[in-house]
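**Student:** Below you'll find the structure I mean.
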Protein chains: 2
Amino acid sequence: MYYVGIDVGGTGLKAGVVNEQGKIIAKASCPTGVERGPEPVIHDMAMLAKQAIAQSGVPMEEVAAIGIGIPGIMDPETGIVPFCTNLFWHNVPLVEWMHRDIDKPIFVGNDATVAGLAESVAGVSAGAKNSIFITLGTGVGGGIVLDGKPFSGVHGVASEIGHMIVVVDGEMCTCGNPGCWERYASATAIIRMGKQAAEKNPQGALARAVNGNLEEITAKHVMDLAKAGDPDCLEIFHQYVKYLCVGIVNLINLWDPEIVVLGGGVSYTGEFLLDAVRKKLPEMVFYKAMPFARIELATLGNDAGIIGAAMLGR
Amino acid sequence: MYYVGIDVGGTGLKAGVVNEQGKIIAKASCPTGVERGPEPVIHDMAMLAKQAIAQSGVPMEEVAAIGIGIPGIMDPETGIVPFCTNLFWHNVPLVEWMHRDIDKPIFVGNDATVAGLAESVAGVSAGAKNSIFITLGTGVGGGIVLDGKPFSGVHGVASEIGHMIVVVDGEMCTCGNPGCWERYASATAIIRMGKQAAEKNPQGALARAVNGNLEEITAKHVMDLAKAGDPDCLEIFHQYVKYLCVGIVNLINLWDPEIVVLGGGVSYTGEFLLDAVRKKLPEMVFYKAMPFARIELATLGNDAGIIGAAMLGR
């Protein structure tokens with residue numbers, strides 16, 4: 001059988017037909033157009049799925065299910081998305097509206113959960129019994145896979161690893177709590193630390209890299225300069241690795257997974273980041289004499305959203 | 001069938017025969033005598049199990065398995081306990097030595113895991129799909145039950161919730177990391193805060209309650225005086241509840257359990273503590289519009305160790 005995966009982003013929709021092994025056979029994409037409201041977007045999602053199926057040459061009866069990855073959560077009981085901030089959705093009956101256009105079982109998951117599932121089927125954590133995928137992007141998201149299945153808890157709201165409080169009374173988070181991990185381990189945190197450093201040192205390499213326009217500092221600027229040995233950026237890098245490892249060690253002490261996968265924009269820093277994390281963790285895990293999770297970089301990149309969404313229906 | 005549960009503590013050993021419903025039919029106990037080394041202690045454990053079986057009148061062939069709760073972990077592959085600090089055990093072949101005296105399948109679990117399992121079979125979380133038990137004692141331990149089974153991770157070291165870092169660069173923990181949750185949410189933390197308050201206010205109710213012998217301050221002194229309205233102890237209480245809720249909210253955001261159970265010595269503070277936690281959590285959970293875990297007090301008390309250990313073999 002084949003499975004359709006739909007990756008719903010704030011700017012683009014992507015759909016793909018995926019085989020049992022998690023390989024994409026055909027794919028299609030279009031802009032999301034969130035400003036139109038949810039109904040036309042959901043109609044486009046169904047049309048995009050049909051387009052991908054047509055392109056793939058797979059007969060409709062061999063498509064077992066449609067999986068959808070959204071930047072939010074769905075109530076598994078009702079098929080309603082209570083809220084999806086980036087899409088401006090509020091109480092959207094996603095499953096019902098998809099069924100207007102397409103008569104297949106529909107499965108919905110959070111985008112980070114779905115990316116984790118993709119890696120566990122066709123990526124770096126393939127074959128692992130228990131894995132945690134961490135997206136290090138604008139925020140920090142998590143995809144926990146237990147015994148091959150995405151873990152979403154009893155009310156469908158688990159895996160919010162970015163909102164684990166690691167600094168009581170720390171930096172205020174958008175969620176209303178101070179000190180969430182994503183305030184310290186996201187690309188946004190690197191940018192914040194970069195701006196502070198560039199303000200202190202306006203003649204430094206980082207300020208010069210953006211010609212003094214500190215608003216243009218990206219996480220990549222900071223990481224590239226750290227790799228090149230710039231002292232300010234190296235200091236940020238080490239501070240970032242420390243906070244990143246605090247969260248990873250918490251996940252290891254709680255979940256004891258087989259593998260922890262680093263994904264999202266910051267993970268493109270590559271081996272430089274991976275080596276630093278691998279070096280720091282052994283001194284921090286609770287059971288120092290016992291084996292603990294392997295740490296790896298994600299391998300599927302942008303296709304993870306389609307593959308993982310499709311695998312929700314497998 | 002019936003199951004024997006053995007609860008191994010630093011001061012006492014307890015064994016009990018437990019039925020399918022998690023009810024204790026007979027029990028026996030003796031001092032641990034850790035100073036003798038592990039071999040005689042393990043021999044006594046087997047003898048105590050046989051004594052409880054004899055007392056129960058259950059024929060040996062109706063005893064399906066022996067479960068053991070230890071204040072540490074066992075490598076599930078080898079049956080060896082790598083270390084068990086309170087017992088001074090190091091690389092002890094627990095399963096092999098038990099089998100010298102008793103020919104039944106042996107299952108071993110961490111004491112907090114086992115207590116959580118007991119509550120999920122015969123206590124307050126009975127019937128819950130997914131529960132987290134928190135022991136608030138000298139340290140903070142955790143027992144996570146997923147789909148009726150204790151969750152111990154891939155290498156057997158999961159559920160170390162007390163060593164979740166919640167204050168980066170905070171109070172140093174015995175594990176070597178600063179800022180672990182148990183530094184702030186254990187009875188030890190309440191005692192530390194109590195001593196500090198009593199030093200600052202030597203004429204206060206807390207200092208008077210111990211006749212100025214601050215070393216005698218217990219968590220119960222502080223909690224009882226908080227209940228009675230003493231301002232110093234109320235301040236400690238609110239600080240404690242804040243830190244307790246930080247950890248609980250982290251567990252909810254990660255695991256999304258059906259129920260969170262508070263056990264251990266501090267939980268005997270009762271409704272006063274429970275009400276404060278229930279009041280504070282709704283403003284802290286990430287998905288504020290969605291239902292989240294019920295918070296309850298443990299109900300099995302000291303029997304949880306025997307019952308839960310027995311249920312490991314069910």
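Chain labels follow the order of the structure tokens: the first chain is A, the next B, and so on; residue numbering restarts at 1 in every chain, and ligands are counted from 1 in their shown order.
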Which residues, written as a PyMOL selection string, have at least one atom at most 7 Å from Gly247 in chain A, with only C-alpha atoms counted and residues fewer than 4 positions away on the same chain left out?

**Tutor:** chain A and resi 181+243+251

**Student:** At a cut-off of 7 Å, can you tabulate as CSV every residue of chain B near chain A together with its closest atom pair and the distance in Å to one decimal, using only C-alpha atoms and ordering rows by chain then number?

**Tutor:**
residue,atom,partner,partner_atom,distance
B:Gly153,CA,A:Asp256,CA,4.7
B:Val154,CA,A:Pro257,CA,5.7
B:His155,CA,A:Asp256,CA,6.6
B:Val157,CA,A:Asp256,CA,6.0
B:Ala158,CA,A:Asp256,CA,4.7
B:Ser159,CA,A:Leu254,CA,4.5
B:Glu160,CA,A:Asn253,CA,5.1
B:Ile161,CA,A:Leu254,CA,5.7
B:His163,CA,A:Asn253,CA,6.8
B:Met164,CA,A:Asn250,CA,4.8
B:Ile165,CA,A:Val166,CA,6.0
B:Val166,CA,A:Val166,CA,4.0
B:Val167,CA,A:Val167,CA,4.5
B:Val168,CA,A:Val167,CA,5.5
B:Cys175,CA,A:Phe286,CA,6.3
B:Asn177,CA,A:Met284,CA,6.4
B:Val246,CA,A:Ile165,CA,6.7
B:Asn250,CA,A:Met164,CA,4.8
B:Asn253,CA,A:Glu160,CA,5.1
B:Leu254,CA,A:Ser159,CA,4.5
B:Trp255,CA,A:Ala158,CA,5.0
B:Asp256,CA,A:Gly153,CA,4.7
B:Pro257,CA,A:Val154,CA,5.7
B:Glu258,CA,A:Val154,CA,5.9
B:Met284,CA,A:Asn177,CA,6.4
B:Phe286,CA,A:Cys175,CA,6.3
B:Pro291,CA,A:His155,CA,6.8
B:Phe292,CA,A:His155,CA,6.9

**Student:** Suppose we keep N, CA, C and O atoms; can you now write the selection as a CSV table (one decimal), in the first residue's frame?

**Tutor:**
chain,number,residue,atom,x,y,z
B,153,GLY,N,12.7,2.7,29.9
B,153,GLY,CA,13.6,3.1,28.9
B,153,GLY,C,14.4,2.0,28.2
B,153,GLY,O,14.1,0.8,28.5
B,154,VAL,N,15.3,2.4,27.4
B,154,VAL,CA,16.0,1.4,26.6
B,154,VAL,C,17.2,0.7,27.3
B,154,VAL,O,17.4,-0.5,27.2
B,155,HIS,N,17.8,1.5,28.2
B,155,HIS,CA,18.9,0.9,29.0
B,155,HIS,C,18.5,0.7,30.5
B,155,HIS,O,19.4,0.5,31.3
B,157,VAL,N,17.3,3.0,32.5
B,157,VAL,CA,17.6,4.1,33.4
B,157,VAL,C,16.7,5.3,33.3
B,157,VAL,O,17.0,6.4,33.7
B,158,ALA,N,15.5,5.1,32.7
B,158,ALA,CA,14.6,6.2,32.6
B,158,ALA,C,13.9,6.6,33.9
B,158,ALA,O,14.2,6.0,35.0
B,159,SER,N,13.1,7.6,33.8
B,159,SER,CA,12.2,8.0,35.0
B,159,SER,C,13.0,8.7,36.1
B,159,SER,O,12.5,8.8,37.2
B,160,GLU,N,14.2,9.1,35.8
B,160,GLU,CA,15.0,9.8,36.8
B,160,GLU,C,14.5,11.3,36.9
B,160,GLU,O,15.3,12.2,36.6
B,161,ILE,N,13.3,11.5,37.2
B,161,ILE,CA,12.7,12.8,37.2
B,161,ILE,C,13.3,13.8,38.2
B,161,ILE,O,13.3,15.0,37.9
B,163,HIS,N,16.3,14.2,38.7
B,163,HIS,CA,17.5,14.8,38.1
B,163,HIS,C,17.3,15.5,36.8
B,163,HIS,O,18.2,15.7,36.0
B,164,MET,N,16.1,16.0,36.7
B,164,MET,CA,15.7,17.0,35.6
B,164,MET,C,16.3,18.3,36.1
B,164,MET,O,15.9,18.8,37.2
B,165,ILE,N,17.1,19.0,35.3
B,165,ILE,CA,17.7,20.3,35.6
B,165,ILE,C,16.6,21.3,35.4
B,165,ILE,O,16.1,21.5,34.3
B,166,VAL,N,16.3,22.1,36.5
B,166,VAL,CA,15.3,23.1,36.4
B,166,VAL,C,15.8,24.5,36.7
B,166,VAL,O,15.2,25.5,36.5
B,167,VAL,N,17.1,24.5,37.2
B,167,VAL,CA,17.7,25.8,37.5
B,167,VAL,C,19.2,25.7,37.1
B,167,VAL,O,20.0,25.2,37.8
B,168,VAL,N,19.4,26.1,35.8
B,168,VAL,CA,20.8,26.0,35.3
B,168,VAL,C,21.7,26.8,36.2
B,168,VAL,O,21.3,27.9,36.7
B,175,CYS,N,24.4,14.3,42.2
B,175,CYS,CA,24.7,13.7,40.9
B,175,CYS,C,25.8,14.4,40.2
B,175,CYS,O,26.3,13.9,39.2
B,177,ASN,N,25.5,17.5,38.8
B,177,ASN,CA,25.0,18.6,38.1
B,177,ASN,C,24.4,19.6,39.0
B,177,ASN,O,23.8,19.3,40.0
B,246,VAL,N,6.9,23.6,38.8
B,246,VAL,CA,7.8,23.7,37.6
B,246,VAL,C,8.1,22.3,37.1
B,246,VAL,O,8.0,22.0,35.9
B,250,ASN,N,6.7,20.5,33.6
B,250,ASN,CA,7.6,19.9,32.7
B,250,ASN,C,7.2,18.5,32.3
B,250,ASN,O,7.1,18.1,31.1
B,253,ASN,N,4.0,18.7,30.1
B,253,ASN,CA,4.3,19.1,28.8
B,253,ASN,C,5.1,18.0,28.0
B,253,ASN,O,4.9,18.0,26.7
B,254,LEU,N,5.8,17.2,28.6
B,254,LEU,CA,6.5,16.1,27.9
B,254,LEU,C,5.7,14.9,27.7
B,254,LEU,O,5.7,14.3,26.7
B,255,TRP,N,5.0,14.4,28.8
B,255,TRP,CA,4.4,13.1,28.8
B,255,TRP,C,2.9,13.1,28.6
B,255,TRP,O,2.3,12.2,28.3
B,256,ASP,N,2.3,14.3,29.0
B,256,ASP,CA,0.8,14.4,28.9
B,256,ASP,C,0.2,13.1,29.5
B,256,ASP,O,-0.6,12.4,28.8
B,257,PRO,N,0.4,12.9,30.8
B,257,PRO,CA,-0.2,11.7,31.4
B,257,PRO,C,-1.7,11.9,31.8
B,257,PRO,O,-2.1,13.1,31.7
B,258,GLU,N,-2.3,10.9,32.1
B,258,GLU,CA,-3.7,11.0,32.6
B,258,GLU,C,-3.8,11.5,34.0
B,258,GLU,O,-4.7,12.2,34.4
B,284,MET,N,0.2,27.4,34.3
B,284,MET,CA,1.6,27.1,33.9
B,284,MET,C,1.6,26.1,32.7
B,284,MET,O,2.6,26.1,32.0
B,286,PHE,N,1.3,24.2,29.1
B,286,PHE,CA,1.5,24.9,27.8
B,286,PHE,C,0.1,25.0,27.1
B,286,PHE,O,-0.2,26.1,26.6
B,291,PRO,N,-7.6,19.8,28.2
B,291,PRO,CA,-7.5,19.2,29.5
B,291,PRO,C,-6.1,18.6,29.8
B,291,PRO,O,-5.4,18.4,28.8
B,292,PHE,N,-5.7,18.6,31.0
B,292,PHE,CA,-4.4,18.0,31.3
B,292,PHE,C,-4.6,17.0,32.6
B,292,PHE,O,-5.7,16.9,33.1

**Student:** Tell me which protein, DNA and RNA residues are within 12 Å of Val18 in chain A, counting only C-alpha atoms, leaving out same-chain ones fewer than 5 positions away, and put them as a short mmCIF file (atom, residue, chain, number, x, y, z; two decimals) with N, CA, C and O atoms, in the first residue's frame.

**Tutor:**
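Final file, part01.cif:
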data_model
loop_
_atom_site.label_atom_id
_atom_site.label_comp_id
_atom_site.auth_asym_id
_atom_site.auth_seq_id
_atom_site.Cartn_x
_atom_site.Cartn_y
_atom_site.Cartn_z
N MET A 1 0.84 -1.20 0.00
CA MET A 1 0.00 0.00 0.00
C MET A 1 0.88 1.26 0.00
O MET A 1 2.06 1.23 0.31
N TYR A 2 0.23 2.39 -0.33
CA TYR A 2 0.91 3.68 -0.35
C TYR A 2 0.18 4.64 0.60
O TYR A 2 -0.99 4.41 0.94
N TYR A 3 0.88 5.68 0.98
CA TYR A 3 0.35 6.64 1.96
C TYR A 3 0.65 8.04 1.46
O TYR A 3 1.75 8.31 0.98
N VAL A 4 -0.32 8.94 1.61
CA VAL A 4 -0.07 10.33 1.25
C VAL A 4 0.30 11.10 2.52
O VAL A 4 -0.36 10.95 3.56
N GLY A 5 1.35 11.89 2.42
CA GLY A 5 1.73 12.76 3.53
C GLY A 5 1.57 14.21 3.11
O GLY A 5 1.97 14.58 2.00
N ILE A 6 0.96 15.02 3.96
CA ILE A 6 0.80 16.45 3.69
C ILE A 6 1.50 17.24 4.79
O ILE A 6 1.25 17.03 5.97
N LYS A 23 9.70 5.95 1.35
CA LYS A 23 10.33 6.62 0.21
C LYS A 23 9.27 7.41 -0.54
O LYS A 23 8.17 6.91 -0.80
N ILE A 24 9.60 8.66 -0.92
CA ILE A 24 8.65 9.50 -1.64
C ILE A 24 8.64 9.11 -3.12
O ILE A 24 9.69 9.06 -3.77
N ILE A 25 7.44 8.81 -3.67
CA ILE A 25 7.28 8.38 -5.07
C ILE A 25 6.97 9.58 -5.96
O ILE A 25 7.39 9.64 -7.11
N ALA A 26 6.20 10.52 -5.40
CA ALA A 26 5.85 11.72 -6.17
C ALA A 26 5.48 12.79 -5.17
O ALA A 26 5.00 12.50 -4.08
N LYS A 27 5.72 14.07 -5.57
CA LYS A 27 5.29 15.13 -4.65
C LYS A 27 4.82 16.37 -5.40
O LYS A 27 5.09 16.55 -6.59
N ALA A 49 -3.07 16.55 -2.57
CA ALA A 49 -2.94 15.11 -2.34
C ALA A 49 -3.34 14.36 -3.62
O ALA A 49 -2.62 13.46 -4.07
N ALA A 52 -0.66 14.73 -6.29
CA ALA A 52 0.51 13.87 -6.05
C ALA A 52 0.19 12.41 -6.39
O ALA A 52 1.02 11.71 -6.97
N ILE A 53 -1.02 11.99 -6.05
CA ILE A 53 -1.42 10.61 -6.36
C ILE A 53 -1.44 10.40 -7.88
O ILE A 53 -0.90 9.40 -8.39
N SER A 56 1.99 10.14 -9.26
CA SER A 56 2.70 8.92 -8.85
C SER A 56 2.30 7.72 -9.70
O SER A 56 3.03 6.74 -9.79
N VAL A 58 0.03 5.77 -8.86
CA VAL A 58 -0.51 4.77 -7.93
C VAL A 58 -2.04 4.83 -8.01
O VAL A 58 -2.61 5.92 -7.89
N GLU A 62 -5.00 1.87 -3.97
CA GLU A 62 -3.78 1.44 -3.27
C GLU A 62 -3.26 2.50 -2.29
O GLU A 62 -2.20 2.33 -1.67
N VAL A 63 -3.99 3.62 -2.18
CA VAL A 63 -3.64 4.63 -1.18
C VAL A 63 -4.42 4.31 0.09
O VAL A 63 -5.65 4.37 0.12
N ALA A 64 -3.68 3.94 1.14
CA ALA A 64 -4.36 3.46 2.36
C ALA A 64 -4.88 4.59 3.22
O ALA A 64 -5.92 4.45 3.87
N ALA A 65 -4.17 5.70 3.26
CA ALA A 65 -4.54 6.75 4.21
C ALA A 65 -3.84 8.05 3.87
O ALA A 65 -2.88 8.07 3.10
N ILE A 66 -4.37 9.13 4.44
CA ILE A 66 -3.76 10.45 4.31
C ILE A 66 -3.27 10.88 5.69
O ILE A 66 -4.04 10.84 6.66
N GLY A 67 -2.01 11.28 5.78
CA GLY A 67 -1.48 11.81 7.04
C GLY A 67 -1.15 13.28 6.87
O GLY A 67 -0.72 13.70 5.80
N ALA A 118 9.35 10.32 10.77
CA ALA A 118 10.02 10.13 9.47
C ALA A 118 11.44 9.61 9.67
O ALA A 118 11.85 8.63 9.04
N VAL A 121 11.54 6.02 10.60
CA VAL A 121 11.15 5.05 9.56
C VAL A 121 12.22 4.99 8.46
O VAL A 121 12.66 3.91 8.07
N ALA A 122 12.63 6.17 8.00
CA ALA A 122 13.49 6.20 6.81
C ALA A 122 14.76 7.01 7.00
O ALA A 122 15.50 7.25 6.05
N ASP A 303 12.24 16.81 3.45
CA ASP A 303 11.29 15.75 3.12
C ASP A 303 10.67 15.09 4.35
O ASP A 303 9.69 14.35 4.24
N ALA A 304 11.27 15.34 5.52
CA ALA A 304 10.81 14.66 6.74
C ALA A 304 9.32 14.93 6.99
O ALA A 304 8.59 14.03 7.44
N GLY A 305 8.86 16.14 6.68
CA GLY A 305 7.45 16.49 6.94
C GLY A 305 6.48 15.63 6.14
O GLY A 305 5.48 15.14 6.68
N ILE A 306 6.78 15.42 4.84
CA ILE A 306 5.91 14.59 3.99
C ILE A 306 5.99 13.13 4.43
O ILE A 306 4.96 12.47 4.62
N ILE A 307 7.21 12.64 4.60
CA ILE A 307 7.39 11.21 4.91
C ILE A 307 6.73 10.87 6.25
O ILE A 307 5.98 9.90 6.36
N GLY A 308 7.00 11.70 7.26
CA GLY A 308 6.45 11.42 8.59
C GLY A 308 4.94 11.50 8.60
O GLY A 308 4.27 10.67 9.23
N ALA A 309 4.38 12.51 7.92
CA ALA A 309 2.92 12.62 7.87
C ALA A 309 2.33 11.37 7.23
O ALA A 309 1.36 10.78 7.73
N ALA A 310 2.94 10.93 6.13
CA ALA A 310 2.45 9.73 5.44
C ALA A 310 2.51 8.52 6.38
O ALA A 310 1.58 7.72 6.44
N MET A 311 3.59 8.43 7.16
CA MET A 311 3.79 7.26 8.02
C MET A 311 2.81 7.22 9.20
O MET A 311 2.65 6.19 9.85
N LEU A 312 2.14 8.36 9.48
CA LEU A 312 1.09 8.36 10.52
C LEU A 312 0.01 7.34 10.18
O LEU A 312 -0.62 6.77 11.06
N GLY A 313 -0.21 7.14 8.87
CA GLY A 313 -1.29 6.26 8.44
C GLY A 313 -0.87 4.81 8.25
O GLY A 313 -1.71 3.96 7.97
N ARG A 314 0.42 4.56 8.39
CA ARG A 314 0.90 3.20 8.13
C ARG A 314 0.47 2.23 9.22
O ARG A 314 0.53 2.54 10.40
#

**Student:** Env of Glu271 in chain B: 12 Å cut, atoms = only C-alpha atoms, seq-sep filter 3 positions within chain, self excluded. Answer as a PDB file with N, CA, C and O atoms, in the first residue's frame.

**Tutor:**
ATOM      1  N   MET B 223       5.933  22.255  57.237  1.00  0.00           N
ATOM      2  CA  MET B 223       4.606  22.142  56.625  1.00  0.00           C
ATOM      3  C   MET B 223       3.506  22.363  57.666  1.00  0.00           C
ATOM      4  O   MET B 223       2.510  23.026  57.385  1.00  0.00           O
ATOM      5  N   LYS B 227       0.716  25.356  57.566  1.00  0.00           N
ATOM      6  CA  LYS B 227      -0.733  25.129  57.717  1.00  0.00           C
ATOM      7  C   LYS B 227      -1.326  26.012  58.815  1.00  0.00           C
ATOM      8  O   LYS B 227      -2.448  26.501  58.700  1.00  0.00           O
ATOM      9  N   LEU B 262       1.203  12.245  43.695  1.00  0.00           N
ATOM     10  CA  LEU B 262       2.219  12.713  44.627  1.00  0.00           C
ATOM     11  C   LEU B 262       2.338  11.728  45.788  1.00  0.00           C
ATOM     12  O   LEU B 262       1.357  11.486  46.503  1.00  0.00           O
ATOM     13  N   VAL B 266       6.687  14.032  51.829  1.00  0.00           N
ATOM     14  CA  VAL B 266       6.108  15.379  51.720  1.00  0.00           C
ATOM     15  C   VAL B 266       4.635  15.313  51.333  1.00  0.00           C
ATOM     16  O   VAL B 266       3.850  16.204  51.691  1.00  0.00           O
ATOM     17  N   SER B 267       4.235  14.234  50.655  1.00  0.00           N
ATOM     18  CA  SER B 267       2.828  14.131  50.229  1.00  0.00           C
ATOM     19  C   SER B 267       1.892  13.971  51.418  1.00  0.00           C
ATOM     20  O   SER B 267       0.684  14.221  51.297  1.00  0.00           O
ATOM     21  N   TYR B 268       2.440  13.581  52.595  1.00  0.00           N
ATOM     22  CA  TYR B 268       1.594  13.481  53.797  1.00  0.00           C
ATOM     23  C   TYR B 268       1.133  14.870  54.279  1.00  0.00           C
ATOM     24  O   TYR B 268       0.302  14.968  55.167  1.00  0.00           O
ATOM     25  N   LEU B 274      -1.930  19.576  48.063  1.00  0.00           N
ATOM     26  CA  LEU B 274      -2.637  19.213  46.825  1.00  0.00           C
ATOM     27  C   LEU B 274      -3.412  20.405  46.259  1.00  0.00           C
ATOM     28  O   LEU B 274      -3.351  20.697  45.057  1.00  0.00           O
ATOM     29  N   ASP B 275      -4.131  21.102  47.138  1.00  0.00           N
ATOM     30  CA  ASP B 275      -4.918  22.258  46.695  1.00  0.00           C
ATOM     31  C   ASP B 275      -4.032  23.338  46.078  1.00  0.00           C
ATOM     32  O   ASP B 275      -4.380  23.931  45.053  1.00  0.00           O
ATOM     33  N   ALA B 276      -2.885  23.582  46.716  1.00  0.00           N
ATOM     34  CA  ALA B 276      -1.984  24.624  46.217  1.00  0.00           C
ATOM     35  C   ALA B 276      -1.433  24.256  44.841  1.00  0.00           C
ATOM     36  O   ALA B 276      -1.332  25.099  43.948  1.00  0.00           O
ATOM     37  N   VAL B 277      -1.105  22.978  44.670  1.00  0.00           N
ATOM     38  CA  VAL B 277      -0.568  22.523  43.377  1.00  0.00           C
ATOM     39  C   VAL B 277      -1.651  22.600  42.302  1.00  0.00           C
ATOM     40  O   VAL B 277      -1.416  23.089  41.188  1.00  0.00           O
ATOM     41  N   ARG B 278      -2.840  22.135  42.658  1.00  0.00           N
ATOM     42  CA  ARG B 278      -3.948  22.165  41.685  1.00  0.00           C
ATOM     43  C   ARG B 278      -4.304  23.583  41.273  1.00  0.00           C
ATOM     44  O   ARG B 278      -4.763  23.806  40.160  1.00  0.00           O
ATOM     45  N   LYS B 279      -4.111  24.521  42.170  1.00  0.00           N
ATOM     46  CA  LYS B 279      -4.442  25.921  41.874  1.00  0.00           C
ATOM     47  C   LYS B 279      -3.390  26.558  40.954  1.00  0.00           C
ATOM     48  O   LYS B 279      -3.723  27.358  40.084  1.00  0.00           O
ATOM     49  N   ILE B 295      -4.256  15.695  39.284  1.00  0.00           N
ATOM     50  CA  ILE B 295      -3.196  15.591  40.293  1.00  0.00           C
ATOM     51  C   ILE B 295      -3.838  14.980  41.541  1.00  0.00           C
ATOM     52  O   ILE B 295      -4.887  15.451  42.001  1.00  0.00           O
ATOM     53  N   GLU B 296      -3.233  13.914  42.047  1.00  0.00           N
ATOM     54  CA  GLU B 296      -3.809  13.209  43.203  1.00  0.00           C
ATOM     55  C   GLU B 296      -2.710  12.844  44.198  1.00  0.00           C
ATOM     56  O   GLU B 296      -1.530  12.842  43.848  1.00  0.00           O
ATOM     57  N   LEU B 297      -3.127  12.522  45.418  1.00  0.00           N
ATOM     58  CA  LEU B 297      -2.194  12.017  46.425  1.00  0.00           C
ATOM     59  C   LEU B 297      -2.155  10.490  46.358  1.00  0.00           C
ATOM     60  O   LEU B 297      -3.179   9.853  46.084  1.00  0.00           O
ATOM     61  N   ALA B 298      -0.994   9.916  46.613  1.00  0.00           N
ATOM     62  CA  ALA B 298      -0.862   8.457  46.673  1.00  0.00           C
ATOM     63  C   ALA B 298      -1.727   7.909  47.803  1.00  0.00           C
ATOM     64  O   ALA B 298      -1.983   8.612  48.787  1.00  0.00           O
TER      65      ALA B 298
END

**Student:** Between CA of Gln55 in chain B and CA of Ala15 in chain B, what is the distance in Å, rounded to a tenth?

**Tutor:**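 So the two atoms, CA of Gln55 in chain B and CA of Ala15 in chain B, lie 11.2 Å apart.
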
**Student:** Per DSSP on the backbone, what are the strand (DSSP E or B) residues of range 45-244 of chain B, as JSON, numbers by chain?

**Tutor:** {"B": [63, 64, 65, 66, 67, 68, 69, 70, 75, 80, 81, 82, 83, 84, 89, 90, 91, 92, 106, 107, 108, 109, 110, 130, 131, 132, 133, 134, 135, 136, 140, 141, 142, 143, 144, 145, 146, 149, 150, 165, 167, 172, 178, 180]}

**Student:** Set the distance at 7 Å and use only C-alpha atoms: which residues neighbour range 184-192 of chain A once local chain neighbours fewer than 5 positions away are removed? I'd like the list as an MDAnalysis selection string.

**Tutor:** chainID A and resid 136:140 217:219 240 243:244 266
